>>> print(open('model_2.cif').read())   # mmCIF, C-alpha atoms and all ligand atoms
data_model
loop_
_atom_site.label_atom_id
_atom_site.label_comp_id
_atom_site.auth_asym_id
_atom_site.auth_seq_id
_atom_site.Cartn_x
_atom_site.Cartn_y
_atom_site.Cartn_z
CA MET A 30 122.20 6.21 -58.43
CA ALA A 31 122.26 8.43 -55.37
CA LEU A 32 124.40 8.91 -52.27
CA ILE A 33 122.19 8.28 -49.26
CA VAL A 34 123.00 8.87 -45.59
CA GLN A 35 120.84 6.87 -43.18
CA LYS A 36 120.96 7.29 -39.42
CA TYR A 37 119.47 4.73 -37.05
CA GLY A 38 118.80 5.53 -33.38
CA GLY A 39 119.33 3.40 -30.30
CA THR A 40 116.01 1.51 -30.32
CA SER A 41 116.48 0.63 -33.99
CA VAL A 42 119.76 -1.14 -33.15
CA GLY A 43 118.78 -2.25 -29.63
CA ASP A 44 119.67 -5.94 -30.11
CA LEU A 45 121.02 -8.32 -32.77
CA ASP A 46 117.57 -8.96 -34.29
CA ARG A 47 116.98 -5.28 -34.73
CA ILE A 48 120.46 -4.81 -36.14
CA ARG A 49 119.60 -7.52 -38.67
CA ASN A 50 116.34 -5.77 -39.60
CA VAL A 51 118.17 -2.51 -40.12
CA ALA A 52 120.87 -4.31 -42.13
CA GLU A 53 118.16 -5.58 -44.47
CA ARG A 54 116.86 -2.08 -44.99
CA ILE A 55 120.38 -0.85 -45.71
CA ALA A 56 120.92 -3.77 -48.10
CA ARG A 57 117.72 -2.90 -50.00
CA THR A 58 118.91 0.67 -50.44
CA ARG A 59 122.24 -0.66 -51.69
CA ASP A 60 120.53 -3.16 -54.05
CA GLN A 61 118.69 -0.25 -55.67
CA GLY A 62 122.12 0.93 -56.83
CA ASN A 63 122.80 3.61 -54.26
CA ASP A 64 125.93 4.46 -52.32
CA VAL A 65 125.04 4.17 -48.64
CA VAL A 66 126.63 5.72 -45.57
CA VAL A 67 125.07 4.61 -42.30
CA ILE A 68 125.38 6.49 -39.00
CA LEU A 69 124.51 4.57 -35.85
CA SER A 70 123.71 5.36 -32.22
CA ALA A 71 124.61 3.09 -29.32
CA MET A 72 122.09 0.36 -28.41
CA SER A 73 119.23 1.91 -26.45
CA GLY A 74 120.06 2.36 -22.79
CA VAL A 75 123.80 1.82 -23.23
CA THR A 76 124.86 5.46 -23.02
CA ASP A 77 122.77 5.85 -19.84
CA GLN A 78 124.40 2.75 -18.33
CA LEU A 79 127.89 4.01 -19.11
CA ILE A 80 127.12 7.38 -17.54
CA SER A 81 125.74 5.81 -14.38
CA MET A 82 128.79 3.55 -14.01
CA ALA A 83 131.12 6.53 -14.34
CA GLU A 84 129.12 8.49 -11.78
CA LYS A 85 129.50 5.69 -9.25
CA ILE A 86 133.26 6.19 -9.31
CA HIS A 87 133.48 9.93 -8.86
CA THR A 88 131.21 12.89 -9.67
CA PRO A 89 131.62 14.72 -11.86
CA PRO A 90 133.70 12.27 -13.88
CA ASP A 91 136.66 13.64 -15.79
CA ALA A 92 135.20 14.89 -19.08
CA ARG A 93 137.97 13.56 -21.33
CA GLU A 94 137.71 10.07 -19.86
CA MET A 95 133.93 10.32 -20.08
CA ASP A 96 134.19 10.72 -23.84
CA VAL A 97 136.58 7.78 -24.16
CA LEU A 98 133.98 5.75 -22.27
CA LEU A 99 130.83 7.01 -24.05
CA ALA A 100 132.31 6.48 -27.51
CA THR A 101 132.38 2.72 -26.86
CA GLY A 102 128.58 2.51 -27.17
CA GLU A 103 128.67 3.47 -30.84
CA GLN A 104 131.85 1.45 -31.44
CA THR A 105 129.86 -1.66 -30.51
CA THR A 106 126.97 -1.04 -32.90
CA VAL A 107 129.03 -0.04 -35.95
CA SER A 108 131.22 -3.14 -35.74
CA LEU A 109 128.22 -5.44 -35.24
CA MET A 110 126.44 -3.80 -38.17
CA ALA A 111 129.44 -4.14 -40.49
CA MET A 112 129.72 -7.83 -39.52
CA THR A 113 126.00 -8.37 -40.11
CA LEU A 114 126.17 -6.79 -43.56
CA GLN A 115 129.24 -8.84 -44.41
CA ALA A 116 127.47 -12.02 -43.29
CA MET A 117 124.69 -11.12 -45.72
CA GLY A 118 127.25 -10.94 -48.53
CA TYR A 119 127.75 -7.18 -48.72
CA LYS A 120 130.99 -5.23 -48.60
CA ALA A 121 130.86 -3.12 -45.44
CA ARG A 122 133.33 -1.22 -43.27
CA SER A 123 132.87 0.46 -39.90
CA MET A 124 134.49 3.77 -39.00
CA LEU A 125 134.88 5.55 -35.72
CA GLY A 126 134.57 9.33 -35.52
CA TYR A 127 138.28 10.03 -35.89
CA GLN A 128 138.59 7.64 -38.84
CA ALA A 129 135.71 9.42 -40.55
CA GLU A 130 137.61 12.69 -39.98
CA ILE A 131 134.90 14.30 -37.89
CA LEU A 132 136.89 17.16 -36.42
CA THR A 133 135.45 18.92 -33.34
CA ASP A 134 136.48 21.48 -30.75
CA ASN A 135 137.76 20.10 -27.45
CA ARG A 136 134.73 20.69 -25.25
CA TYR A 137 134.44 17.12 -24.06
CA THR A 138 130.89 15.73 -23.68
CA LYS A 139 129.42 18.65 -25.67
CA ALA A 140 131.83 19.17 -28.53
CA ARG A 141 130.85 20.96 -31.72
CA ILE A 142 131.75 19.75 -35.18
CA LEU A 143 134.21 22.09 -36.91
CA ASP A 144 134.91 20.19 -40.09
CA ILE A 145 134.35 16.89 -41.87
CA GLY A 146 137.18 15.55 -43.99
CA ALA A 147 135.13 12.75 -45.59
CA GLU A 148 138.03 11.63 -47.83
CA ARG A 149 138.25 8.20 -46.21
CA ILE A 150 134.51 7.70 -46.46
CA LYS A 151 134.65 8.64 -50.14
CA SER A 152 137.47 6.23 -50.90
CA LEU A 153 135.63 3.37 -49.18
CA LEU A 154 132.50 4.21 -51.16
CA ALA A 155 134.60 4.13 -54.33
CA GLU A 156 135.60 0.55 -53.41
CA GLY A 157 131.91 -0.34 -53.28
CA GLN A 158 131.72 -0.56 -49.49
CA ILE A 159 128.73 0.30 -47.35
CA VAL A 160 130.29 2.66 -44.82
CA VAL A 161 129.01 2.41 -41.24
CA VAL A 162 130.06 5.44 -39.16
CA ALA A 163 129.83 5.77 -35.39
CA GLY A 164 127.54 8.66 -34.51
CA PHE A 165 127.92 11.01 -31.55
CA GLN A 166 131.73 11.05 -31.64
CA GLY A 167 134.58 12.97 -33.20
CA MET A 168 138.16 13.96 -32.61
CA ASP A 169 139.69 17.25 -31.48
CA ALA A 170 142.78 18.90 -32.95
CA SER A 171 145.09 16.99 -30.59
CA GLY A 172 143.61 13.63 -31.57
CA ASP A 173 141.49 13.06 -28.46
CA ILE A 174 138.06 11.43 -28.68
CA THR A 175 135.13 13.83 -28.16
CA THR A 176 131.35 13.35 -28.03
CA LEU A 177 128.66 15.73 -29.24
CA GLY A 178 126.13 15.80 -26.39
CA ARG A 179 123.07 13.58 -25.86
CA GLY A 180 121.30 12.78 -29.09
CA GLY A 181 124.42 13.82 -30.99
CA SER A 182 124.31 11.12 -33.64
CA ASP A 183 121.58 13.11 -35.40
CA THR A 184 124.13 15.87 -35.80
CA SER A 185 126.76 13.38 -36.98
CA ALA A 186 124.37 12.24 -39.71
CA VAL A 187 123.56 15.74 -40.93
CA ALA A 188 127.22 16.74 -40.82
CA VAL A 189 128.32 13.70 -42.80
CA ALA A 190 125.51 14.30 -45.32
CA ALA A 191 126.66 17.91 -45.67
CA GLY A 192 130.33 16.90 -45.94
CA LEU A 193 129.60 14.31 -48.64
CA LYS A 194 127.00 16.47 -50.40
CA ALA A 195 124.67 13.51 -50.10
CA ASP A 196 121.45 13.40 -52.10
CA ARG A 197 119.38 12.34 -49.10
CA CYS A 198 119.69 12.31 -45.32
CA GLU A 199 117.24 9.94 -43.66
CA ILE A 200 116.95 9.80 -39.89
CA TYR A 201 115.32 6.55 -38.78
CA THR A 202 113.83 6.54 -35.32
CA ASP A 203 111.11 4.86 -33.28
CA VAL A 204 108.40 7.36 -34.25
CA ASP A 205 106.80 7.82 -37.68
CA GLY A 206 107.75 11.45 -38.04
CA ILE A 207 106.93 14.84 -36.57
CA TYR A 208 103.38 15.21 -35.31
CA THR A 209 101.15 18.24 -34.79
CA ALA A 210 101.18 17.33 -31.06
CA ASP A 211 102.40 14.46 -28.90
CA PRO A 212 100.15 11.54 -30.03
CA ASN A 213 100.32 10.11 -26.48
CA ILE A 214 98.48 13.17 -25.23
CA CYS A 215 96.39 14.18 -28.20
CA GLY A 216 94.61 11.35 -29.99
CA LYS A 217 93.83 13.64 -32.91
CA ALA A 218 97.46 14.52 -33.61
CA ARG A 219 98.50 14.14 -37.25
CA LYS A 220 101.81 13.40 -38.87
CA LEU A 221 103.17 16.42 -40.76
CA SER A 222 104.50 15.69 -44.24
CA ARG A 223 106.72 18.78 -44.14
CA ILE A 224 107.95 21.19 -41.50
CA SER A 225 110.38 24.11 -41.74
CA TYR A 226 113.74 24.13 -39.98
CA ASP A 227 112.66 27.07 -37.82
CA GLU A 228 109.49 25.33 -36.67
CA MET A 229 111.46 22.17 -35.94
CA LEU A 230 113.97 24.17 -33.90
CA GLU A 231 111.17 25.64 -31.80
CA MET A 232 109.58 22.22 -31.36
CA ALA A 233 112.86 20.54 -30.48
CA SER A 234 113.71 23.15 -27.89
CA LEU A 235 110.24 22.86 -26.38
CA GLY A 236 110.46 19.20 -25.67
CA ALA A 237 109.70 17.28 -28.86
CA LYS A 238 112.62 14.89 -28.50
CA VAL A 239 112.87 13.55 -32.03
CA LEU A 240 115.95 15.44 -33.31
CA GLN A 241 118.91 16.97 -31.51
CA ILE A 242 118.57 20.76 -31.86
CA ARG A 243 122.06 21.18 -33.19
CA SER A 244 121.36 18.78 -36.05
CA VAL A 245 118.53 21.03 -37.23
CA GLU A 246 120.70 24.15 -36.97
CA PHE A 247 123.37 22.35 -38.99
CA ALA A 248 120.87 21.16 -41.60
CA LYS A 249 119.49 24.67 -42.02
CA LYS A 250 122.94 26.20 -42.38
CA TYR A 251 124.20 23.64 -44.90
CA ASP A 252 120.93 23.08 -46.81
CA VAL A 253 120.47 19.44 -45.88
CA PRO A 254 116.83 18.32 -46.12
CA ILE A 255 116.17 15.73 -43.39
CA HIS A 256 113.68 12.91 -43.77
CA VAL A 257 112.59 11.78 -40.28
CA ARG A 258 110.95 8.35 -40.46
CA SER A 259 110.42 5.08 -38.63
CA SER A 260 112.77 2.11 -38.89
CA PHE A 261 109.89 -0.19 -37.99
CA ASN A 262 107.73 0.36 -41.11
CA GLN A 263 107.96 1.59 -44.70
CA GLU A 264 105.83 4.75 -44.26
CA GLU A 265 107.03 8.12 -45.46
CA GLY A 266 107.88 10.29 -42.49
CA THR A 267 108.30 14.07 -42.23
CA MET A 268 110.60 16.22 -44.37
CA VAL A 269 112.41 18.98 -42.46
CA VAL A 270 113.17 21.61 -45.07
CA HIS A 271 113.46 25.34 -45.84
CA GLU A 272 110.28 27.32 -45.47
CA ASP A 273 108.10 27.88 -48.53
CA ALA A 274 105.04 29.98 -49.36
CA ASN A 275 102.61 27.12 -48.69
CA MET A 276 103.81 26.76 -45.12
CA GLU A 277 102.94 30.39 -44.45
CA LYS A 278 99.28 29.66 -45.15
CA VAL A 279 99.01 27.45 -42.09
CA VAL A 280 98.92 29.64 -38.99
CA VAL A 281 99.90 27.01 -36.45
CA SER A 282 101.63 23.77 -37.39
CA GLY A 283 102.06 22.26 -33.97
CA VAL A 284 101.32 22.37 -30.26
CA THR A 285 103.98 21.36 -27.75
CA GLN A 286 104.20 20.99 -24.01
CA SER A 287 107.01 20.88 -21.49
CA LYS A 288 106.65 19.82 -17.88
CA ASN A 289 110.30 20.48 -17.24
CA GLU A 290 109.57 23.95 -15.83
CA SER A 291 109.52 25.59 -12.44
CA ARG A 292 109.16 29.20 -11.37
CA ILE A 293 110.60 31.39 -8.70
CA THR A 294 109.21 34.72 -7.49
CA LEU A 295 110.99 37.34 -5.42
CA ARG A 296 108.35 39.44 -3.72
CA LYS A 297 108.61 43.12 -2.92
CA VAL A 298 112.06 43.86 -4.21
CA PRO A 299 113.16 47.50 -4.36
CA ASP A 300 112.29 48.92 -7.80
CA GLN A 301 115.72 50.30 -8.68
CA PRO A 302 118.20 50.18 -11.55
CA GLY A 303 120.35 47.06 -11.35
CA ILE A 304 117.91 44.89 -9.42
CA ALA A 305 117.08 42.47 -12.24
CA SER A 306 120.76 41.96 -12.80
CA ARG A 307 121.43 41.32 -9.09
CA ILE A 308 118.66 38.71 -9.07
CA LEU A 309 119.48 36.94 -12.32
CA THR A 310 123.27 37.17 -12.64
CA PRO A 311 123.94 34.70 -9.77
CA VAL A 312 121.59 32.20 -11.45
CA ALA A 313 123.46 32.53 -14.73
CA GLU A 314 126.77 32.20 -12.89
CA ALA A 315 125.54 28.92 -11.45
CA GLY A 316 125.21 27.70 -15.04
CA ILE A 317 121.39 27.70 -14.92
CA SER A 318 119.47 29.00 -17.91
CA VAL A 319 116.48 31.19 -17.23
CA ASP A 320 113.65 30.97 -19.74
CA MET A 321 110.81 33.44 -19.07
CA ILE A 322 111.00 36.55 -16.89
CA ILE A 323 108.24 38.91 -15.80
CA GLN A 324 108.34 41.91 -13.54
CA ASN A 325 105.30 43.58 -12.01
CA THR A 326 105.22 46.91 -10.24
CA ARG A 327 103.24 46.52 -7.03
CA LEU A 328 103.58 49.55 -4.81
CA SER A 329 105.22 52.80 -5.78
CA ASN A 330 108.78 51.64 -5.15
CA MET A 331 108.40 47.88 -4.88
CA THR A 332 108.16 45.19 -7.54
CA ASP A 333 107.76 41.41 -7.86
CA LEU A 334 110.05 39.52 -10.21
CA THR A 335 109.21 36.03 -11.47
CA PHE A 336 111.31 33.78 -13.69
CA THR A 337 111.33 30.15 -14.82
CA VAL A 338 114.16 27.60 -14.74
CA PRO A 339 114.26 23.88 -15.62
CA LYS A 340 112.84 21.69 -12.83
CA SER A 341 116.22 20.01 -12.37
CA ASP A 342 117.71 23.41 -11.45
CA PHE A 343 114.90 24.42 -9.10
CA ASP A 344 116.58 23.59 -5.76
CA ALA A 345 119.84 25.22 -6.74
CA SER A 346 118.01 28.34 -7.97
CA MET A 347 115.96 28.61 -4.78
CA ALA A 348 119.15 28.44 -2.70
CA VAL A 349 120.76 31.18 -4.81
CA GLU A 350 117.70 33.44 -4.57
CA LYS A 351 117.29 33.07 -0.81
CA LYS A 352 120.74 34.58 -0.46
CA VAL A 353 120.01 37.29 -3.02
CA ALA A 354 116.73 38.14 -1.29
CA GLU A 355 118.55 38.79 1.97
CA GLU A 356 121.17 40.95 0.29
CA ILE A 357 118.70 43.15 -1.56
CA GLY A 358 116.00 43.19 1.10
CA ALA A 359 113.24 41.31 -0.75
CA ALA A 360 110.21 40.30 1.33
CA GLU A 361 110.21 36.60 0.40
CA VAL A 362 111.07 33.97 -2.21
CA LEU A 363 108.27 31.77 -3.54
CA GLY A 364 108.81 28.63 -5.55
CA ASP A 365 106.44 26.57 -7.67
CA GLU A 366 107.38 23.29 -9.33
CA ASN A 367 103.87 22.39 -10.48
CA ILE A 368 103.85 24.33 -13.71
CA ALA A 369 104.09 23.47 -17.38
CA LYS A 370 104.57 25.38 -20.59
CA VAL A 371 102.28 24.91 -23.59
CA SER A 372 103.17 26.48 -26.92
CA VAL A 373 101.77 26.93 -30.39
CA ILE A 374 104.29 27.11 -33.23
CA GLY A 375 103.98 28.13 -36.87
CA VAL A 376 105.77 30.22 -39.49
CA GLY A 377 102.30 31.40 -40.55
CA MET A 378 102.25 33.63 -37.46
CA ARG A 379 104.53 36.03 -39.28
CA SER A 380 101.72 36.94 -41.64
CA HIS A 381 98.59 36.30 -39.54
CA SER A 382 97.28 38.34 -36.62
CA GLY A 383 95.09 37.35 -33.70
CA VAL A 384 96.98 34.15 -32.91
CA ALA A 385 97.71 35.08 -29.30
CA SER A 386 94.14 36.09 -28.56
CA LYS A 387 92.87 32.85 -30.07
CA MET A 388 95.25 30.91 -27.83
CA PHE A 389 94.18 32.79 -24.70
CA ALA A 390 90.50 32.31 -25.55
CA ALA A 391 90.97 28.56 -26.05
CA LEU A 392 92.63 28.23 -22.64
CA ALA A 393 90.02 30.44 -21.00
CA ALA A 394 87.22 28.29 -22.42
CA GLU A 395 88.67 25.38 -20.43
CA ASN A 396 89.05 27.56 -17.34
CA ILE A 397 92.83 27.29 -17.50
CA ASN A 398 94.60 30.19 -15.88
CA ILE A 399 97.63 31.64 -17.66
CA LEU A 400 100.50 32.33 -15.28
CA MET A 401 103.08 33.71 -17.71
CA ILE A 402 103.31 34.42 -21.44
CA SER A 403 106.22 34.66 -23.83
CA THR A 404 106.45 34.94 -27.60
CA SER A 405 108.89 34.71 -30.46
CA GLU A 406 108.29 35.46 -34.12
CA ILE A 407 106.84 31.98 -34.73
CA ARG A 408 105.81 30.81 -31.24
CA ILE A 409 103.52 31.75 -28.36
CA SER A 410 104.03 30.03 -25.01
CA CYS A 411 101.91 30.10 -21.87
CA VAL A 412 102.88 28.82 -18.45
CA ILE A 413 99.95 27.09 -16.75
CA GLU A 414 99.36 24.77 -13.81
CA GLU A 415 100.94 21.43 -14.59
CA LYS A 416 97.77 19.41 -14.01
CA TYR A 417 96.07 21.11 -16.98
CA THR A 418 98.83 20.31 -19.48
CA GLU A 419 97.06 17.56 -21.43
CA LEU A 420 93.76 19.39 -21.48
CA ALA A 421 95.48 22.54 -22.74
CA VAL A 422 97.29 20.70 -25.55
CA ARG A 423 94.04 19.11 -26.76
CA ALA A 424 92.12 22.38 -26.56
CA LEU A 425 94.77 24.26 -28.54
CA HIS A 426 95.01 21.48 -31.11
CA THR A 427 91.28 21.80 -31.76
CA ALA A 428 91.23 25.61 -31.64
CA PHE A 429 93.90 25.88 -34.34
CA ASP A 430 92.17 23.37 -36.65
CA LEU A 431 94.85 20.73 -36.32
CA ASP A 432 92.56 17.80 -35.44
CA SER A 433 92.52 14.96 -37.92
CA GLN A 434 89.15 14.33 -39.55
N1 LIG B 1 124.19 7.41 -27.81
C1 LIG B 1 124.08 8.83 -27.62
C2 LIG B 1 122.94 9.16 -26.67
O1 LIG B 1 122.29 8.26 -26.16
C3 LIG B 1 123.94 9.58 -28.90
C4 LIG B 1 122.69 9.30 -29.69
O2 LIG B 1 122.03 8.29 -29.48
O3 LIG B 1 122.34 10.12 -30.55
O4 LIG B 1 122.69 10.30 -26.39
MG MG B 2 117.85 10.54 -30.65
#
>>> encode(input="model_2.cif", output="structure tokens", more="lines below")
Ligand code: ASP
Ligand code: MG
Amino acid sequence: MALIVQKYGGTSVGDLDRIRNVAERIARTRDQGNDVVVILSAMSGVTDQLISMAEKIHTPPDAREMDVLLATGEQTTVSLMAMTLQAMGYKARSMLGYQAEILTDNRYTKARILDIGAERIKSLLAEGQIVVVAGFQGMDASGDITTLGRGGSDTSAVAVAAGLKADRCEIYTDVDGIYTADPNICGKARKLSRISYDEMLEMASLGAKVLQIRSVEFAKKYDVPIHVRSSFNQEEGTMVVHEDANMEKVVVSGVTQSKNESRITLRKVPDQPGIASRILTPVAEAGISVDMIIQNTRLSNMTDLTFTVPKSDFDASMAVEKKVAEEIGAAEVLGDENIAKVSVIGVGMRSHSGVASKMFAALAAENINILMISTSEIRISCVIEEKYTELAVRALHTAFDLDSQ
């Protein structure tokens, strides 16, 4: 007998039929003699609807009230699930975040979990109940409802699994697992049976939307292996686990792309101490995160500085830089929204050389121009023209021997 935490995402509980399907899966796990704690998301689309209603009243909506509102999405699904399980003859109880003692800080709409009490969950399990916990929500020290940021029920699941020292943490979603590339772009993409936390973190931050980043950080810190799998079939999915020696043998485990990029160039800025800070500090102060930065020396005392920001922050960043350009006497500000970032990721890069040159050669063979490059210990990213994104992903997938046979 094991203690199993299962999390189901919004599409898996999108209507009553799907809730019933999921209930049957939960019931089977229970019938095998396991203790089961279930974490649920809101029905698909509900959180978006709630946000858009709030924004019609007043933008930005008050963050505390926003969390009171958003928490209702998960309140709906956990109660319906408990009722469904009861109707099938099982003992089941729903719990909201505060009842499950999920204690967070008070940063409404993006709170972080500080502690999990788990005593009430344990006592319900001891009574033989299936415990159905609302994901995405918690409570701060003063008893107010908080939410954990979009996709936060993944983090709820990992945190509850850590708090209960569960034997397994299964995250059920609408995809079969983690793939070597987006299967919608690359027909030869393969499902990975295992991936390391660090690789998953890189993939999640680069646009693979399967797991909330914070849930992976949490899992790594508290040693919770995550099994990502589909709620629509019985297939094994992908295990997200600590790195091992076998993983190092594979140079690249995945290729990702992100079209959510744009770049801004300040031309002919004076090449002096403090200039990069004068250009980039106002962007940071506007709450915009800069990803890549390059600086080229052009003439003896002039330089060009280029950086990338998310597309959604492009207009705001351009406005900021036009002002900066005037203040510092830059020649002009150029903007480009038609770019994308393609990346190769793998812990094997730590012990293999020549990965970057192989990547550049693969892009060159397709006549794809590289506009910017950045690297980390286990990732190499290139900014390219957006229209070549799919071609680049497929070319890299082949070049790094990831294609399925
Ligand atoms: N319902 C929340 C969202 O849509 C949390 C989650 O689904 O993980 O972001
Ligand atoms: Mg999700």
>>> residues_near_ligand(input="model_2.cif", ligand="ligand MG 2 (chain B)", cutoff="9 Å", atoms="all atoms listed in the file", output="MDAnalysis selection string")
chainID A and resid 37:39 70 179:183 202 238:241
>>> atom_distance(input="model_2.cif", atom1="atom CA of A:Ile368", atom2="atom CA of A:Asn398")
11.2 Å
>>> residues_around(input="model_2.cif", residues="A:Ser185", least_positions_apart="6", cutoff="10 Å", atoms="all atoms listed in the file", output="PDB file with C-alpha atoms, in the frame of the given file")
ATOM      1  CA  LYS A  36     120.960   7.290 -39.420  1.00  0.00           C
ATOM      2  CA  ILE A  68     125.380   6.490 -39.000  1.00  0.00           C
ATOM      3  CA  LEU A  69     124.510   4.570 -35.850  1.00  0.00           C
ATOM      4  CA  SER A  70     123.710   5.360 -32.220  1.00  0.00           C
ATOM      5  CA  GLY A 126     134.570   9.330 -35.520  1.00  0.00           C
ATOM      6  CA  ILE A 131     134.900  14.300 -37.890  1.00  0.00           C
ATOM      7  CA  ILE A 142     131.750  19.750 -35.180  1.00  0.00           C
ATOM      8  CA  ILE A 145     134.350  16.890 -41.870  1.00  0.00           C
ATOM      9  CA  VAL A 162     130.060   5.440 -39.160  1.00  0.00           C
ATOM     10  CA  ALA A 163     129.830   5.770 -35.390  1.00  0.00           C
ATOM     11  CA  GLY A 164     127.540   8.660 -34.510  1.00  0.00           C
ATOM     12  CA  PHE A 165     127.920  11.010 -31.550  1.00  0.00           C
ATOM     13  CA  GLN A 166     131.730  11.050 -31.640  1.00  0.00           C
ATOM     14  CA  GLY A 167     134.580  12.970 -33.200  1.00  0.00           C
ATOM     15  CA  LEU A 177     128.660  15.730 -29.240  1.00  0.00           C
ATOM     16  CA  ALA A 191     126.660  17.910 -45.670  1.00  0.00           C
ATOM     17  CA  ARG A 243     122.060  21.180 -33.190  1.00  0.00           C
ATOM     18  CA  SER A 244     121.360  18.780 -36.050  1.00  0.00           C
ATOM     19  CA  PHE A 247     123.370  22.350 -38.990  1.00  0.00           C
TER      20      PHE A 247
END
>>> closest_residue(input="model_2.cif", among="A:Ser260, A:Ser41, A:Thr294, A:Thr106", to="A:Asn325", atoms="only C-alpha atoms")
A:Thr294
>>> closest_residue(input="model_2.cif", among="A:Asp96, A:Ala147, A:Tyr201, A:Gly192", to="A:Ile174", atoms="all atoms listed in the file")
A:Asp96
>>> axis_aligned_box(input="model_2.cif", around="ligand LIG 1 (chain B)", padding_each_side="5 Å", output="lines of an AutoDock Vina configuration file")
center_x = 123.1
center_y = 8.9
center_z = -28.4
size_x = 12.2
size_y = 12.9
size_z = 14.4
>>> build_atoms(input="model_2.cif", residues="stretch 374-386 of chain A", atoms="N, CA and C atoms", output="PDB file, in the coordinates of the input")
ATOM      1  N   ILE A 374     103.152  26.776 -32.379  1.00  0.00           N
ATOM      2  CA  ILE A 374     104.290  27.110 -33.230  1.00  0.00           C
ATOM      3  C   ILE A 374     103.840  27.131 -34.687  1.00  0.00           C
ATOM      4  N   GLY A 375     104.297  28.124 -35.440  1.00  0.00           N
ATOM      5  CA  GLY A 375     103.980  28.130 -36.870  1.00  0.00           C
ATOM      6  C   GLY A 375     104.589  29.323 -37.579  1.00  0.00           C
ATOM      7  N   VAL A 376     105.198  29.091 -38.738  1.00  0.00           N
ATOM      8  CA  VAL A 376     105.770  30.220 -39.490  1.00  0.00           C
ATOM      9  C   VAL A 376     104.657  31.124 -40.017  1.00  0.00           C
ATOM     10  N   GLY A 377     103.438  30.593 -40.096  1.00  0.00           N
ATOM     11  CA  GLY A 377     102.300  31.400 -40.550  1.00  0.00           C
ATOM     12  C   GLY A 377     101.994  32.575 -39.629  1.00  0.00           C
ATOM     13  N   MET A 378     102.492  32.513 -38.396  1.00  0.00           N
ATOM     14  CA  MET A 378     102.250  33.630 -37.460  1.00  0.00           C
ATOM     15  C   MET A 378     102.847  34.930 -37.944  1.00  0.00           C
ATOM     16  N   ARG A 379     103.893  34.817 -38.781  1.00  0.00           N
ATOM     17  CA  ARG A 379     104.530  36.030 -39.280  1.00  0.00           C
ATOM     18  C   ARG A 379     103.545  36.855 -40.092  1.00  0.00           C
ATOM     19  N   SER A 380     102.610  36.200 -40.746  1.00  0.00           N
ATOM     20  CA  SER A 380     101.720  36.940 -41.640  1.00  0.00           C
ATOM     21  C   SER A 380     100.250  36.927 -41.186  1.00  0.00           C
ATOM     22  N   HIS A 381      99.970  36.299 -40.036  1.00  0.00           N
ATOM     23  CA  HIS A 381      98.590  36.300 -39.540  1.00  0.00           C
ATOM     24  C   HIS A 381      98.528  37.018 -38.190  1.00  0.00           C
ATOM     25  N   SER A 382      97.420  37.697 -37.922  1.00  0.00           N
ATOM     26  CA  SER A 382      97.280  38.340 -36.620  1.00  0.00           C
ATOM     27  C   SER A 382      96.218  37.604 -35.801  1.00  0.00           C
ATOM     28  N   GLY A 383      96.139  37.930 -34.536  1.00  0.00           N
ATOM     29  CA  GLY A 383      95.090  37.350 -33.700  1.00  0.00           C
ATOM     30  C   GLY A 383      95.409  35.966 -33.158  1.00  0.00           C
ATOM     31  N   VAL A 384      96.641  35.506 -33.352  1.00  0.00           N
ATOM     32  CA  VAL A 384      96.980  34.150 -32.910  1.00  0.00           C
ATOM     33  C   VAL A 384      97.011  34.075 -31.376  1.00  0.00           C
ATOM     34  N   ALA A 385      97.614  35.088 -30.769  1.00  0.00           N
ATOM     35  CA  ALA A 385      97.710  35.080 -29.300  1.00  0.00           C
ATOM     36  C   ALA A 385      96.319  35.115 -28.680  1.00  0.00           C
ATOM     37  N   SER A 386      95.452  35.982 -29.188  1.00  0.00           N
ATOM     38  CA  SER A 386      94.140  36.090 -28.560  1.00  0.00           C
ATOM     39  C   SER A 386      93.337  34.800 -28.737  1.00  0.00           C
TER      40      SER A 386
END
